[in-house]
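Peer 1: Below is my_file-v2.txt; it holds compact mmCIF, C-alpha atoms and all ligand atoms.
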```
# COMPACT_ATOMS: atom_id res chain seq x y z
CA MET A 280 -7.16 5.58 -3.98
CA GLN A 281 -6.86 2.01 -2.72
CA ASN A 282 -5.25 -0.52 -4.99
CA ASP A 283 -6.36 -3.86 -3.64
CA HIS A 284 -6.97 -5.41 -7.07
CA GLU A 285 -3.66 -4.65 -8.69
CA THR A 286 -0.53 -6.76 -8.53
CA LEU A 287 2.68 -5.44 -7.05
CA ALA A 288 4.20 -5.33 -10.55
CA GLU A 289 1.30 -3.18 -11.80
CA LEU A 290 1.62 -0.87 -8.83
CA ALA A 291 5.38 -0.59 -9.33
CA ASP A 292 4.72 0.30 -12.99
CA ALA A 293 2.26 2.99 -11.90
CA LEU A 294 4.86 4.36 -9.50
CA ARG A 295 7.53 4.34 -12.21
CA ALA A 296 5.21 6.32 -14.51
CA MET A 297 4.46 8.86 -11.78
CA ILE A 298 8.16 9.33 -11.10
CA ALA A 299 8.86 9.72 -14.83
CA GLN A 300 6.18 12.43 -15.03
CA GLY A 301 7.26 14.15 -11.79
CA ARG A 302 9.51 17.18 -11.96
CA ARG A 303 10.33 17.37 -8.26
CA VAL A 304 10.01 14.15 -6.32
CA VAL A 305 10.38 14.22 -2.55
CA ALA A 306 10.57 11.10 -0.41
CA PHE A 307 9.64 11.09 3.25
CA THR A 308 11.03 8.05 5.02
CA GLY A 309 10.40 6.23 8.27
CA ALA A 310 11.95 3.36 10.15
CA GLY A 311 10.53 0.82 7.63
CA ILE A 312 13.12 1.74 4.99
CA SER A 313 15.87 0.58 7.34
CA THR A 314 14.46 -2.81 8.40
CA GLU A 315 16.01 -4.39 5.31
CA SER A 316 19.32 -2.97 6.59
CA GLY A 317 18.82 -4.85 9.86
CA VAL A 318 17.67 -1.86 11.93
CA PRO A 319 14.41 -2.75 13.69
CA ASP A 320 11.51 -0.34 13.23
CA PHE A 321 9.60 1.19 16.10
CA ARG A 322 6.05 -0.15 16.03
CA THR A 323 6.35 -3.68 14.65
CA PRO A 324 5.56 -5.96 17.63
CA GLY A 325 8.63 -7.15 19.51
CA SER A 326 10.68 -4.08 18.57
CA PRO A 327 13.61 -3.56 20.95
CA TRP A 328 12.88 0.20 20.83
CA MET A 329 9.63 -0.52 22.68
CA ALA A 330 11.25 -2.65 25.38
CA ASN A 331 11.33 0.31 27.79
CA LYS A 332 9.23 3.38 28.34
CA PRO A 333 11.03 6.19 26.47
CA ILE A 334 12.95 8.70 28.58
CA ASP A 335 11.52 12.07 27.69
CA PHE A 336 13.57 15.22 27.40
CA GLY A 337 12.39 16.74 30.69
CA GLU A 338 13.38 13.62 32.60
CA TRP A 339 16.73 13.48 30.77
CA MET A 340 17.53 17.09 31.69
CA ALA A 341 16.45 16.69 35.30
CA SER A 342 18.16 13.47 36.31
CA GLU A 343 21.71 12.13 36.09
CA GLU A 344 20.30 8.61 36.51
CA ALA A 345 17.97 9.15 33.52
CA ARG A 346 20.93 10.36 31.41
CA CYS A 347 23.00 7.32 32.40
CA GLU A 348 20.08 5.00 31.59
CA ALA A 349 19.65 6.75 28.22
CA TRP A 350 23.33 6.15 27.39
CA ARG A 351 23.13 2.49 28.46
CA ARG A 352 20.11 1.96 26.18
CA LYS A 353 21.70 3.91 23.36
CA PHE A 354 24.88 1.81 23.37
CA ARG A 355 22.82 -1.40 23.60
CA MET A 356 20.80 -0.38 20.52
CA ASP A 357 23.93 0.71 18.66
CA ASP A 358 25.39 -2.75 19.24
CA ILE A 359 22.23 -4.29 17.69
CA TYR A 360 22.64 -2.47 14.42
CA ALA A 361 26.37 -1.81 14.29
CA GLY A 362 27.52 -2.20 10.72
CA ALA A 363 24.07 -1.69 9.13
CA ARG A 364 24.41 -0.90 5.44
CA PRO A 365 21.98 0.99 3.17
CA SER A 366 19.04 -1.05 1.85
CA THR A 367 17.75 -1.25 -1.72
CA GLY A 368 15.27 1.48 -0.77
CA HIS A 369 18.04 3.81 0.44
CA ARG A 370 19.97 3.17 -2.78
CA ALA A 371 16.93 3.79 -4.99
CA LEU A 372 16.32 7.16 -3.34
CA ALA A 373 20.01 8.07 -3.57
CA LYS A 374 19.72 7.45 -7.31
CA LEU A 375 16.75 9.81 -7.63
CA VAL A 376 18.72 12.52 -5.85
CA ALA A 377 21.89 11.90 -7.88
CA GLU A 378 19.91 12.16 -11.12
CA GLY A 379 18.49 15.52 -10.07
CA LYS A 380 14.96 14.11 -9.98
CA SER A 381 14.72 14.72 -6.25
CA PRO A 382 15.94 17.86 -4.48
CA GLY A 383 16.21 16.04 -1.14
CA ILE A 384 14.86 13.50 1.29
CA ILE A 385 12.89 14.18 4.46
CA THR A 386 13.49 11.49 7.04
CA GLN A 387 12.25 10.62 10.50
CA ASN A 388 15.16 8.20 10.81
CA ILE A 389 18.18 8.74 12.96
CA ASP A 390 20.44 6.06 11.50
CA GLY A 391 22.38 8.06 8.88
CA LEU A 392 21.72 5.41 6.21
CA HIS A 393 20.53 7.88 3.55
CA GLN A 394 23.91 9.60 3.79
CA ALA A 395 25.66 6.21 3.78
CA ALA A 396 23.86 5.50 0.48
CA GLY A 397 25.55 8.57 -1.00
CA ILE A 398 23.06 11.41 -0.51
CA PRO A 399 24.94 14.58 0.49
CA ASP A 400 24.31 15.75 4.08
CA ASP A 401 22.60 18.93 2.95
CA LYS A 402 20.02 16.95 1.00
CA VAL A 403 18.95 14.77 3.92
CA ILE A 404 16.54 16.61 6.18
CA GLU A 405 16.52 14.88 9.54
CA LEU A 406 13.38 15.71 11.49
CA HIS A 407 14.33 13.64 14.53
CA GLY A 408 18.06 14.26 14.51
CA ASN A 409 20.91 11.82 14.06
CA GLY A 410 21.93 8.99 16.38
CA THR A 411 25.39 8.47 14.90
CA TYR A 412 26.97 11.26 16.96
CA ALA A 413 26.30 13.40 20.04
CA THR A 414 26.20 17.15 20.66
CA CYS A 415 26.65 19.47 23.60
CA LEU A 416 23.29 21.02 24.49
CA SER A 417 25.04 24.23 25.65
CA CYS A 418 27.64 25.05 22.98
CA GLY A 419 26.56 22.71 20.18
CA LEU A 420 29.98 21.04 19.83
CA ARG A 421 29.82 17.67 18.09
CA HIS A 422 31.11 14.69 20.08
CA GLU A 423 31.89 11.30 18.58
CA LEU A 424 30.06 8.38 20.16
CA ALA A 425 33.22 6.32 20.62
CA ASP A 426 34.65 9.08 22.86
CA VAL A 427 31.38 9.47 24.77
CA ARG A 428 31.16 5.73 25.31
CA ARG A 429 34.74 5.47 26.50
CA ALA A 430 34.17 8.28 29.01
CA PHE A 431 30.86 6.81 30.17
CA GLU A 432 32.26 3.32 30.63
CA ALA A 433 35.32 4.65 32.46
CA THR A 434 33.45 6.90 34.92
CA GLY A 435 29.89 5.55 35.04
CA GLN A 436 28.74 9.16 34.73
CA ALA A 437 26.91 10.88 31.89
CA PRO A 438 29.64 12.64 29.87
CA THR A 439 29.87 16.42 29.77
CA CYS A 440 31.32 18.66 27.07
CA THR A 441 35.11 18.79 26.93
CA ALA A 442 34.89 22.42 25.76
CA CYS A 443 32.26 24.01 28.00
CA GLY A 444 31.16 21.42 30.57
CA GLY A 445 27.58 21.35 29.19
CA MET A 446 25.44 18.22 28.99
CA VAL A 447 26.21 15.95 26.05
CA LYS A 448 23.30 14.18 24.40
CA SER A 449 22.86 11.88 21.43
CA ALA A 450 22.00 14.22 18.53
CA THR A 451 18.48 12.80 18.31
CA ILE A 452 15.24 14.53 19.21
CA SER A 453 13.70 12.92 22.29
CA PHE A 454 10.01 12.86 23.13
CA GLY A 455 9.26 16.25 24.65
CA GLN A 456 12.24 17.96 22.98
CA ALA A 457 11.64 20.85 20.57
CA MET A 458 11.66 19.92 16.90
CA PRO A 459 14.68 21.29 15.00
CA GLU A 460 13.46 24.55 13.48
CA ARG A 461 15.72 24.62 10.45
CA ALA A 462 14.94 21.02 9.46
CA MET A 463 11.21 21.64 9.91
CA GLY A 464 11.44 24.76 7.73
CA ARG A 465 13.36 22.97 4.99
CA ALA A 466 10.98 20.00 5.05
CA ARG A 467 8.07 22.37 4.67
CA GLU A 468 9.73 24.04 1.68
CA LEU A 469 10.35 20.68 0.02
CA ALA A 470 6.82 19.46 0.70
CA LEU A 471 5.38 22.64 -0.82
CA ALA A 472 7.69 22.66 -3.84
CA CYS A 473 7.29 19.03 -4.96
CA ASP A 474 4.79 17.59 -7.40
CA LEU A 475 5.21 14.00 -6.20
CA PHE A 476 5.58 13.03 -2.55
CA LEU A 477 6.54 9.46 -1.60
CA ALA A 478 5.87 8.38 1.99
CA ILE A 479 7.98 5.25 2.51
CA GLY A 480 8.16 2.88 5.49
CA SER A 481 6.32 4.99 8.02
CA SER A 482 3.26 4.23 10.11
CA LEU A 483 2.51 7.97 9.68
CA VAL A 484 1.43 8.39 13.27
CA VAL A 485 4.30 10.52 14.65
CA TYR A 486 3.39 14.20 14.43
CA PRO A 487 4.36 16.84 13.45
CA ALA A 488 6.50 14.79 11.00
CA ALA A 489 3.49 12.94 9.55
CA GLY A 490 1.92 16.28 8.66
CA PHE A 491 4.26 16.67 5.66
CA PRO A 492 2.50 14.15 3.38
CA VAL A 493 -0.76 15.95 4.13
CA LEU A 494 0.81 19.34 3.43
CA ALA A 495 2.24 18.21 0.09
CA LYS A 496 -1.01 16.60 -1.04
CA ARG A 497 -3.14 19.60 -0.02
CA ASN A 498 -0.74 21.79 -1.98
CA GLY A 499 -1.40 19.80 -5.16
CA ALA A 500 1.34 17.15 -5.18
CA ARG A 501 0.45 13.54 -5.88
CA LEU A 502 0.92 11.34 -2.82
CA VAL A 503 2.20 7.76 -2.91
CA ILE A 504 2.39 5.62 0.23
CA ILE A 505 4.67 2.58 0.25
CA ASN A 506 4.32 0.55 3.45
CA ARG A 507 3.64 -3.10 4.21
CA GLU A 508 0.80 -2.14 6.57
CA ARG A 509 -2.12 0.16 5.95
CA THR A 510 -1.87 3.72 7.31
CA ASP A 511 -4.48 6.28 8.29
CA LEU A 512 -3.54 8.37 5.26
CA ASP A 513 -4.12 5.62 2.67
CA SER A 514 -7.55 6.89 1.64
CA PHE A 515 -6.02 10.32 1.05
CA ALA A 516 -3.24 9.04 -1.27
CA ASP A 517 -3.19 8.79 -5.07
CA LEU A 518 -1.42 5.44 -4.94
CA VAL A 519 -0.92 2.98 -2.08
CA ILE A 520 1.55 0.14 -2.42
CA ALA A 521 1.24 -2.30 0.46
CA GLY A 522 4.44 -4.26 -0.14
CA GLU A 523 8.05 -4.68 0.87
CA ILE A 524 10.08 -1.57 0.13
CA GLY A 525 12.95 -3.48 -1.47
CA ASP A 526 10.56 -5.26 -3.85
CA VAL A 527 8.85 -2.01 -4.82
CA LEU A 528 11.85 0.29 -5.16
CA GLY A 529 14.47 -2.22 -6.30
CA PRO A 530 13.27 -2.78 -9.89
CA LEU A 531 12.18 0.81 -10.14
CA ALA A 532 15.64 2.07 -9.26
CA ALA A 533 17.20 -0.18 -11.86
CA THR A 534 15.27 1.45 -14.72
CA HIS A 535 15.67 5.01 -13.56
P1 LIG B 601 7.18 2.96 12.63
O1 LIG B 601 7.94 1.83 13.27
O2 LIG B 601 6.06 3.56 13.38
O3 LIG B 601 6.58 2.46 11.24
C1 LIG B 601 7.36 1.74 10.33
C2 LIG B 601 6.41 1.17 9.29
O4 LIG B 601 7.20 0.55 8.28
C3 LIG B 601 5.47 0.11 9.86
O5 LIG B 601 4.15 0.40 9.47
C4 LIG B 601 5.98 -1.19 9.24
O6 LIG B 601 4.95 -2.12 8.98
C5 LIG B 601 6.61 -0.71 7.96
N1 LIG B 601 7.70 -1.54 7.46
C6 LIG B 601 8.74 -2.06 8.15
N2 LIG B 601 9.61 -2.68 7.31
C7 LIG B 601 9.08 -2.58 6.06
C8 LIG B 601 9.48 -3.03 4.77
N3 LIG B 601 10.62 -3.71 4.61
N4 LIG B 601 8.68 -2.76 3.71
C9 LIG B 601 7.51 -2.06 3.87
N5 LIG B 601 7.08 -1.61 5.07
C10 LIG B 601 7.87 -1.86 6.15
O7 LIG B 601 8.25 4.03 12.17
P2 LIG B 601 8.10 5.60 11.92
O8 LIG B 601 6.79 5.90 11.29
O9 LIG B 601 9.36 6.00 11.26
O10 LIG B 601 8.07 6.23 13.38
C11 LIG B 601 8.99 5.76 14.35
C12 LIG B 601 9.85 6.80 15.04
O11 LIG B 601 10.93 6.11 15.67
C13 LIG B 601 10.46 7.78 14.08
O12 LIG B 601 10.21 9.02 14.59
C14 LIG B 601 11.97 7.51 14.11
O13 LIG B 601 12.66 8.69 14.50
C15 LIG B 601 12.21 6.53 15.21
N6 LIG B 601 12.97 5.32 14.78
C16 LIG B 601 13.98 5.43 13.87
C17 LIG B 601 14.66 4.31 13.44
C18 LIG B 601 15.78 4.45 12.44
O14 LIG B 601 16.42 5.51 12.39
N7 LIG B 601 16.01 3.45 11.60
C19 LIG B 601 14.31 3.05 13.93
C20 LIG B 601 13.27 2.97 14.89
C21 LIG B 601 12.62 4.12 15.31
```
How does this structure look as structure tokens?

Peer 2:
Amino acid sequence: MQNDHETLAELADALRAMIAQGRRVVAFTGAGISTESGVPDFRTPGSPWMANKPIDFGEWMASEEARCEAWRRKFRMDDIYAGARPSTGHRALAKLVAEGKSPGIITQNIDGLHQAAGIPDDKVIELHGNGTYATCLSCGLRHELADVRRAFEATGQAPTCTACGGMVKSATISFGQAMPERAMGRARELALACDLFLAIGSSLVVYPAAGFPVLAKRNGARLVIINRERTDLDSFADLVIAGEIGDVLGPLAATH
């Protein structure tokens, strides 16, 4: 259902009513929920994420130079959004989880801002991993980025695991890397168990992640899309709110 004739306030009221009626509300978030935190999204023109062709997983595994370039880019991006704090949207969703209205959030984001807004780790399902730490691809040991950066800047070489010598990578899922099975399974469970699914701040073009709104809707949940730009799934949704996430979720959070 398109909602071109309704005002943002009317659409926000409709959303509030749907949330009040919902028993299990699941939000699926994309990079758009973090722009109000100062983290640029991926597809808005001029995005620094698009400045270079992404290094895919095969290239990363095969080449020390690719790994070094990936770390240089990673630390550059981290410097851009160092100190980012949760947005109104993150806080609104944290409130839904805290109130027991939502069993968890599915996110494509890697910035850790849902957790920073107070959602427990086990209720944030990260489909594309987490960019706030690194892991060893061989033994799975977690490595803190400050240590990785120190080692990289001191040696100019891509850091290896202090425990097993394996390759250490930012804990994000690169293009060409297998999706995390457990997160995919949990996201599927949430999508199938909810009666209201909110897709927030995503262009809904990255698959398989963007399949979850479709799965939820086909399983009988109502689907709401909140995004400043139109998406390919708009005609499939029960409610589309083409506005700024903070404007839409801010007042709604305050009354919930
Ligand atoms: P995307 O950039 O493709 O789409 C973001 C959408 O949000 C756009 O349509 C944009 O118009 C909209 N938007 C931006 N700010 C908004 C606001 N304040 N209010 C309403 N709408 C707003 O992002 P995606 O769909 O998440 O796909 C990008 C991929 O890149 C993801 O897989 C993600 O892992 C990764 N990524 C993550 C981050 C992050 O963690 N914050 C940032 C950039 C990219």

Peer 1: Just the number, please: distance in Å from atom CA of Gly397 of chain A to atom CA of Ala371 of chain A, one decimal.

Peer 2: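 Distance between the two atoms: 10.6 Å.
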
Peer 1: Which residue, A:Gln436, A:Asn498, A:Thr510, A:Ser381, has the smallest gap to Leu483 of chain A when you use all atoms listed in the file?

Peer 2: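 Closest to Leu483 of chain A, using all atoms listed in the file: A:Thr510.
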
Peer 1: Could the centre and edge lengths of an axis-aligned box, enclosing all atoms of ligand LIG 601 (chain B) in the file with 4 Å extra on each side, be given in Å to one decimal as lines of an AutoDock Vina configuration file?

Peer 2:
```
center_x = 10.3
center_y = 2.7
center_z = 9.7
size_x = 20.3
size_y = 20.7
size_z = 20.0
```

Peer 1: Separation of atom CA of Ala293 of chain A and atom CA of Leu471 of chain A, in Å?

Peer 2: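 Answer for the atom CA of Ala293 of chain A to atom CA of Leu471 of chain A separation: 22.8 Å.
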
Peer 1: Do you know which residues are within 7 Å of ligand LIG 601 (chain B) using all atoms listed in the file? Can you write them as JSON, numbers by chain?

Peer 2: {"A": [308, 309, 310, 311, 312, 313, 314, 315, 318, 319, 320, 321, 322, 323, 328, 387, 388, 389, 390, 407, 480, 481, 482, 483, 484, 485, 505, 506, 507, 508, 522, 523, 524, 525]}

Peer 1: For the residues selected in the previous step, produce a file with C-alpha atoms as a short mmCIF file (atom, residue, chain, number, x, y, z; two decimals), in the coordinates of the input.

Peer 2:
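The resulting out39.cif:
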```cif
data_model
loop_
_atom_site.label_atom_id
_atom_site.label_comp_id
_atom_site.auth_asym_id
_atom_site.auth_seq_id
_atom_site.Cartn_x
_atom_site.Cartn_y
_atom_site.Cartn_z
CA THR A 308 11.03 8.05 5.02
CA GLY A 309 10.40 6.23 8.27
CA ALA A 310 11.95 3.36 10.15
CA GLY A 311 10.53 0.82 7.63
CA ILE A 312 13.12 1.74 4.99
CA SER A 313 15.87 0.58 7.34
CA THR A 314 14.46 -2.81 8.40
CA GLU A 315 16.01 -4.39 5.31
CA VAL A 318 17.67 -1.86 11.93
CA PRO A 319 14.41 -2.75 13.69
CA ASP A 320 11.51 -0.34 13.23
CA PHE A 321 9.60 1.19 16.10
CA ARG A 322 6.05 -0.15 16.03
CA THR A 323 6.35 -3.68 14.65
CA TRP A 328 12.88 0.20 20.83
CA GLN A 387 12.25 10.62 10.50
CA ASN A 388 15.16 8.20 10.81
CA ILE A 389 18.18 8.74 12.96
CA ASP A 390 20.44 6.06 11.50
CA HIS A 407 14.33 13.64 14.53
CA GLY A 480 8.16 2.88 5.49
CA SER A 481 6.32 4.99 8.02
CA SER A 482 3.26 4.23 10.11
CA LEU A 483 2.51 7.97 9.68
CA VAL A 484 1.43 8.39 13.27
CA VAL A 485 4.30 10.52 14.65
CA ILE A 505 4.67 2.58 0.25
CA ASN A 506 4.32 0.55 3.45
CA ARG A 507 3.64 -3.10 4.21
CA GLU A 508 0.80 -2.14 6.57
CA GLY A 522 4.44 -4.26 -0.14
CA GLU A 523 8.05 -4.68 0.87
CA ILE A 524 10.08 -1.57 0.13
CA GLY A 525 12.95 -3.48 -1.47
#
```

Peer 1: Given the choices A:Ala396, A:Ile298, A:Ala472, A:Leu518, which gets closest to Gly499 of chain A if the distance is worked out from all atoms listed in the file?

Peer 2: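 Closest to Gly499 of chain A of all the choices is A:Ala472.
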
Peer 1: Compare A:Asp357, A:Glu468, A:Glu423, A:Glu344 by their minimum atom-to-atom distance to Ile404 of chain A, counting all atoms listed in the file, and give me the closest one.

Peer 2: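 Result for the nearest residue to Ile404 of chain A: A:Glu468.
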
Peer 1: Determine the nearest neighbour of Leu392 of chain A from the options A:Ala361, A:Met463, A:Ala457, A:Leu420, counting all atoms listed in the file.

Peer 2: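 Smallest separation from Leu392 of chain A among the options: A:Ala361.
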
Peer 1: Identify which of the residues A:Ala495, A:Cys418, A:Ala341, A:Leu372 lies closest to Cys443 of chain A, counting all atoms listed in the file when measuring atom-to-atom distances.

Peer 2: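 Under the stated criterion, the closest residue is A:Cys418.
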
Peer 1: Go ahead and compute the interatomic distance for atom CA of Asp358 of chain A and atom CA of Gly317 of chain A, in Å to one decimal.

Peer 2: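 Answer for the atom CA of Asp358 of chain A to atom CA of Gly317 of chain A separation: 11.6 Å.
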
Peer 1: Give me, as a PDB file with C-alpha atoms, in the frame of the given file, all polymer residues having an atom no more than 10 Å from Val519 of chain A, counting all atoms listed in the file and skipping those fewer than 4 positions away in the same chain.

Peer 2:
```pdb
ATOM      1  CA  MET A 280      -7.160   5.580  -3.980  1.00  0.00           C
ATOM      2  CA  GLN A 281      -6.860   2.010  -2.720  1.00  0.00           C
ATOM      3  CA  ASN A 282      -5.250  -0.520  -4.990  1.00  0.00           C
ATOM      4  CA  ASP A 283      -6.360  -3.860  -3.640  1.00  0.00           C
ATOM      5  CA  LEU A 290       1.620  -0.870  -8.830  1.00  0.00           C
ATOM      6  CA  LEU A 294       4.860   4.360  -9.500  1.00  0.00           C
ATOM      7  CA  LEU A 477       6.540   9.460  -1.600  1.00  0.00           C
ATOM      8  CA  ALA A 478       5.870   8.380   1.990  1.00  0.00           C
ATOM      9  CA  LEU A 502       0.920  11.340  -2.820  1.00  0.00           C
ATOM     10  CA  VAL A 503       2.200   7.760  -2.910  1.00  0.00           C
ATOM     11  CA  ILE A 504       2.390   5.620   0.230  1.00  0.00           C
ATOM     12  CA  ILE A 505       4.670   2.580   0.250  1.00  0.00           C
ATOM     13  CA  ASN A 506       4.320   0.550   3.450  1.00  0.00           C
ATOM     14  CA  ARG A 507       3.640  -3.100   4.210  1.00  0.00           C
ATOM     15  CA  ARG A 509      -2.120   0.160   5.950  1.00  0.00           C
ATOM     16  CA  THR A 510      -1.870   3.720   7.310  1.00  0.00           C
ATOM     17  CA  LEU A 512      -3.540   8.370   5.260  1.00  0.00           C
ATOM     18  CA  ASP A 513      -4.120   5.620   2.670  1.00  0.00           C
ATOM     19  CA  SER A 514      -7.550   6.890   1.640  1.00  0.00           C
ATOM     20  CA  PHE A 515      -6.020  10.320   1.050  1.00  0.00           C
TER      21      PHE A 515
END
```

Peer 1: Rank A:Val305, A:Val427, A:Ile452, A:Ile334 by their smallest atom-to-atom distance to Gly410 of chain A, using only C-alpha atoms, and report the top residue only.

Peer 2: A:Ile452

Peer 1: Name all residues at most 9 Å from Phe491 of chain A (count all atoms listed in the file; drop same-chain ones fewer than 4 positions away) and give them as a list in words.

Peer 2: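 That gives Phe307, Ala466, Arg467, Ala470, Leu471, Pro487, Ala495 and Lys496 of chain A.
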